[in-house]
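Novice: Have a look at this one before I ask anything.
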Amino acid sequence: MSTIKSLNNQTLIKNIEQLILQARKQVVSSVNTIMVYTYFSIGKMIVENEQEGNKRAKYGEVTLKVLSQYLTDKFGKGWTVENLTLMRKFFIVYSDNKINNNIKKDLVNTVYQIEKQSKNTSSKFVNTVYEIDTSNRFTLSWSHYIILMRIENIAERNFYEIECAKQNWSVRQLSRQINSSLYERLALSRRKDDVLKLSTTGQVIEKPSDIIKNPLTLEFLGLKTDSSYTETKLEQAIINKLQEFLLELGKGFLFEARQKRFTFNEQHFFVDLVFYNRLLQCYVLIDLKIDKLTHQDLGQMQMYVNYYDRYVIKENEKPTIGILLCKEKNDALIKLTLPKDSNIYAQEYKLYLPDKKLLQAKLKEWIKDFESEKDKEEKN
């Protein structure tokens with residue numbers, strides 16, 4: 001009897017196996033996408049029914065209860081009043097409140113018929129064929145959109161939706177990025193005229209400064225701010241949570257080594273963490289500092305970067321980036337120590353989630369000042 005091992009072309013079998021697995025994933029993805037569009041359409045019908053003059057809270061509550069009971073009896077779990085309310089909110093949020101006032105009565109026929117049936121069981125339900133509203137482009141799961149709907153700031157919500165789709169974040173990862181105020185931290189680490197681009201293009205990595213966010217949030221390491229720890233302990237904690245650390249670093253990062261040794265003039269030097277960024281096509285060297293940042297630290301990193309640029313990188317690769325990950329940075333010291341065109345950055349880290357409201361207020365004030373300056377320039 002033939003077995004897989006005895007067949008000559010095992011590559012063919014493996015390729016077919018991968019194709020089937022991929023097809024199954026796509027089927028699941030397609031079903032999820034269809035359900036998102038369905039929920040959007042249901043939300044649309046509920047809102048349009050309210051616009052027919054039935055905006056009273058009591059009426060709406062009764063309608064959702066009746067609708068919930070009918071759909072649960074017909075299709076099983078998942079059609080609670082709470083879920084129907086979320087579908088209603090989904091339509092309102094993602095239609096930008098631009099609801100068509102010219103409502104066709106056949107769009108709300110289902111709700112009316114359900115109500116009628118609940119009052120008179122002998123009444124016959126009228127079946128009508130409806131089309132799913134695909135005017136919006138949805139690419140994420142319903143669980144993702146439930147989280148995104150909680151974000152009131154449209155620019156911020158757009159940013160997370162773009163990044164989630166591009167980087168294939170899980171629901172847990174999306175929640176973590178929102179709770180860590182990724183949008184605000186990226187925005188406050190950029191030039192003011194680049195902030196508005198985040199909501200339309202997401203995080204675009206084109207130059208070294210694009211990978212910087214201040215502060216870097218490392219709450220997942222489990223280290224306490226009120227306890228003492230060494231740089232070695234910090235490094236080990238990062239290695240133990242490498243997947244989370246890569247997510248926090250951002251796009252394009254690949255891990256290469258820890259305590260990477262190189263020898264120069266018979267002296268051994270060690271870089272704490274070595275990464276490669278495939279988008280920037282360059283090495284990224286990270287040194288960990290738990291004490292106050294000094295000019296000696298900056299000089300040491302400059303030497304590491306120079307070594308990689310002169311002896312390690314290939315002709316087609318871009319200049320090396322050096323990052324000093326520290327508790328507290330001193331911008332004046334950095335400017336005085338490093339040349340203007342330096343590829344070295346000091347990046348603060350925090351062992352706790354930042355105060356989101358404080359960052360939002362800071363960003364709002366920052367953008368307000370920027371727009372005010374822009375108006376003055378245009379008038380002049």
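Note on naming: chains are A, B, ... as they come in the structure tokens, residues start from 1 per chain, ligands start from 1 in the order shown.
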Need to verify the contact set: Arg185 in chain A, 7 Å, only C-alpha atoms, exclusion of same-chain residues closer than 5 positions in sequence. Can you return it as JSON, numbers by chain?
Specialist: {"A": [213, 214, 215]}
Novice: Step one, run DSSP on the backbone; step two, keep only residues of range 121-259 of chain A assigned to strand (DSSP E or B); then write them as a ChimeraX atom specification.
Specialist: /A:216-217,253-259
Novice: For a quick check of understanding, using only C-alpha atoms, which of A:Lys65, A:Arg88, A:Arg172, A:His295 has the smallest distance to Thr38 in chain A?
Specialist: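 For Thr38 in chain A, the nearest of the candidates is A:Arg88.
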Novice: Would you please give, as a count of residues only, all residues of range 158-248 of chain A that DSSP assigns to alpha helix (DSSP H) based on the backbone?
Specialist: 50
Novice: Can you tell me, as an MDAnalysis selection string, what residues are no more than 10 Å from Ile146 in chain A when counting only C-alpha atoms, ignoring any on the same chain fewer than 5 positions away?
Specialist: chainID A and resid 83 86:87 89:90 141 151 171
Novice: Using only C-alpha atoms, determine which residues lie at most 10 Å from Ile205 in chain A, disregarding the query and same-chain residues fewer than 4 positions distant; provide the list as a list of chain:residue names.
Specialist: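 Here the answer would be A:Ser209, A:Asp210, A:Ile211, A:Gly250, A:Lys251, A:Gly252, A:Asn277, A:Leu279, A:Leu280.
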Novice: If we count only C-alpha atoms, what is near Glu161 in chain A at a cut-off of 9 Å, once residues fewer than 2 positions away on the same chain are taken out, given as an MDAnalysis selection string?
Specialist: chainID A and resid 139:140 144:145 148 156:159 163:166 202
Novice: Can you pull out every residue within 12 Å of Ser189 in chain A, counting only C-alpha atoms, but drop anything in the same chain fewer than 4 positions away, and send it as number ranges by chain?
Specialist: A: 182-185, 193-195, 198, 203, 209-216, 345-348, 359, 363, 366
Novice: Export C-alpha atoms of the chosen residues as a PDB file, in the first residue's frame?
Specialist:
```
ATOM      1  CA  LEU A 182      -0.469  54.351  19.960  1.00  0.00           C
ATOM      2  CA  TYR A 183      -2.140  57.034  17.824  1.00  0.00           C
ATOM      3  CA  GLU A 184      -1.325  59.854  20.232  1.00  0.00           C
ATOM      4  CA  ARG A 185       2.242  58.631  20.827  1.00  0.00           C
ATOM      5  CA  ASP A 193       2.170  68.683   9.305  1.00  0.00           C
ATOM      6  CA  ASP A 194       2.544  64.870   9.287  1.00  0.00           C
ATOM      7  CA  VAL A 195       0.013  64.239  12.056  1.00  0.00           C
ATOM      8  CA  LEU A 198      -2.021  59.240  10.112  1.00  0.00           C
ATOM      9  CA  GLN A 203       1.827  54.764   9.852  1.00  0.00           C
ATOM     10  CA  SER A 209      12.292  59.051  12.382  1.00  0.00           C
ATOM     11  CA  ASP A 210       9.071  57.290  11.272  1.00  0.00           C
ATOM     12  CA  ILE A 211       9.787  54.335  13.573  1.00  0.00           C
ATOM     13  CA  ILE A 212      10.110  56.520  16.673  1.00  0.00           C
ATOM     14  CA  LYS A 213       7.300  56.896  19.174  1.00  0.00           C
ATOM     15  CA  ASN A 214       7.675  58.554  22.551  1.00  0.00           C
ATOM     16  CA  PRO A 215       7.281  57.001  24.950  1.00  0.00           C
ATOM     17  CA  LEU A 216       7.655  53.300  24.127  1.00  0.00           C
ATOM     18  CA  TYR A 345      17.664  58.557  18.665  1.00  0.00           C
ATOM     19  CA  ALA A 346      16.921  58.579  22.377  1.00  0.00           C
ATOM     20  CA  GLN A 347      13.563  56.981  23.048  1.00  0.00           C
ATOM     21  CA  GLU A 348      11.911  56.953  26.453  1.00  0.00           C
ATOM     22  CA  LEU A 359      -2.104  62.672  25.645  1.00  0.00           C
ATOM     23  CA  LEU A 363      -2.342  66.419  20.895  1.00  0.00           C
ATOM     24  CA  TRP A 366      -0.706  70.816  19.469  1.00  0.00           C
TER      25      TRP A 366
END
```
Novice: Separation of CA of Asn49 in chain A and CA of Thr72 in chain A, in Å?
Specialist: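 Atom-to-atom, CA of Asn49 in chain A and CA of Thr72 in chain A are spaced 20.1 Å apart.
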Novice: Using only C-alpha atoms, pick whichever of A:Leu285, A:Val274, A:Leu221, A:Ala257 has the shortest atom-to-atom distance to Asn306 in chain A.
Specialist: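 With only C-alpha atoms as the atom set, the closest residue is A:Leu285.
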Novice: Which is closer to Ile367 in chain A than all the others in A:Val93, A:Leu288, A:Ala237, A:Leu196, using only C-alpha atoms?
Specialist: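 Looking only at the distances to Ile367 in chain A, the closest residue turns out to be A:Leu196.
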Novice: Rank A:Thr337, A:Ser180, A:Gln281, A:Ser342 by their smallest atom-to-atom distance to Glu315 in chain A, using only C-alpha atoms, and report the top residue only.
Specialist: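 Closest to Glu315 in chain A of all the choices is A:Gln281.
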Novice: Taking only C-alpha atoms into account, name the residue in A:Val31, A:Ser199, A:Leu325, A:Gln243 that is nearest to Ala187 in chain A.
Specialist: A:Ser199
Novice: If we count only C-alpha atoms, what is near Tyr352 in chain A at a cut-off of 8 Å, once residues fewer than 6 positions away on the same chain are taken out, given as a VMD selection string?
Specialist: chain A and resid 217 to 219 225
Novice: With distances taken over only C-alpha atoms, which residue among A:Val36, A:Val312, A:Leu333, A:Ile238 lies nearest Leu223 in chain A?
Specialist: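 Ranking A:Val36, A:Val312, A:Leu333, A:Ile238 by distance to Leu223 in chain A, first place goes to A:Ile238.
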Novice: What gap, in Å, lies between CA of Phe220 in chain A and CA of Val284 in chain A?
Specialist: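 Taking CA of Phe220 in chain A as the start and CA of Val284 in chain A as the end point, the length is 21.8 Å.
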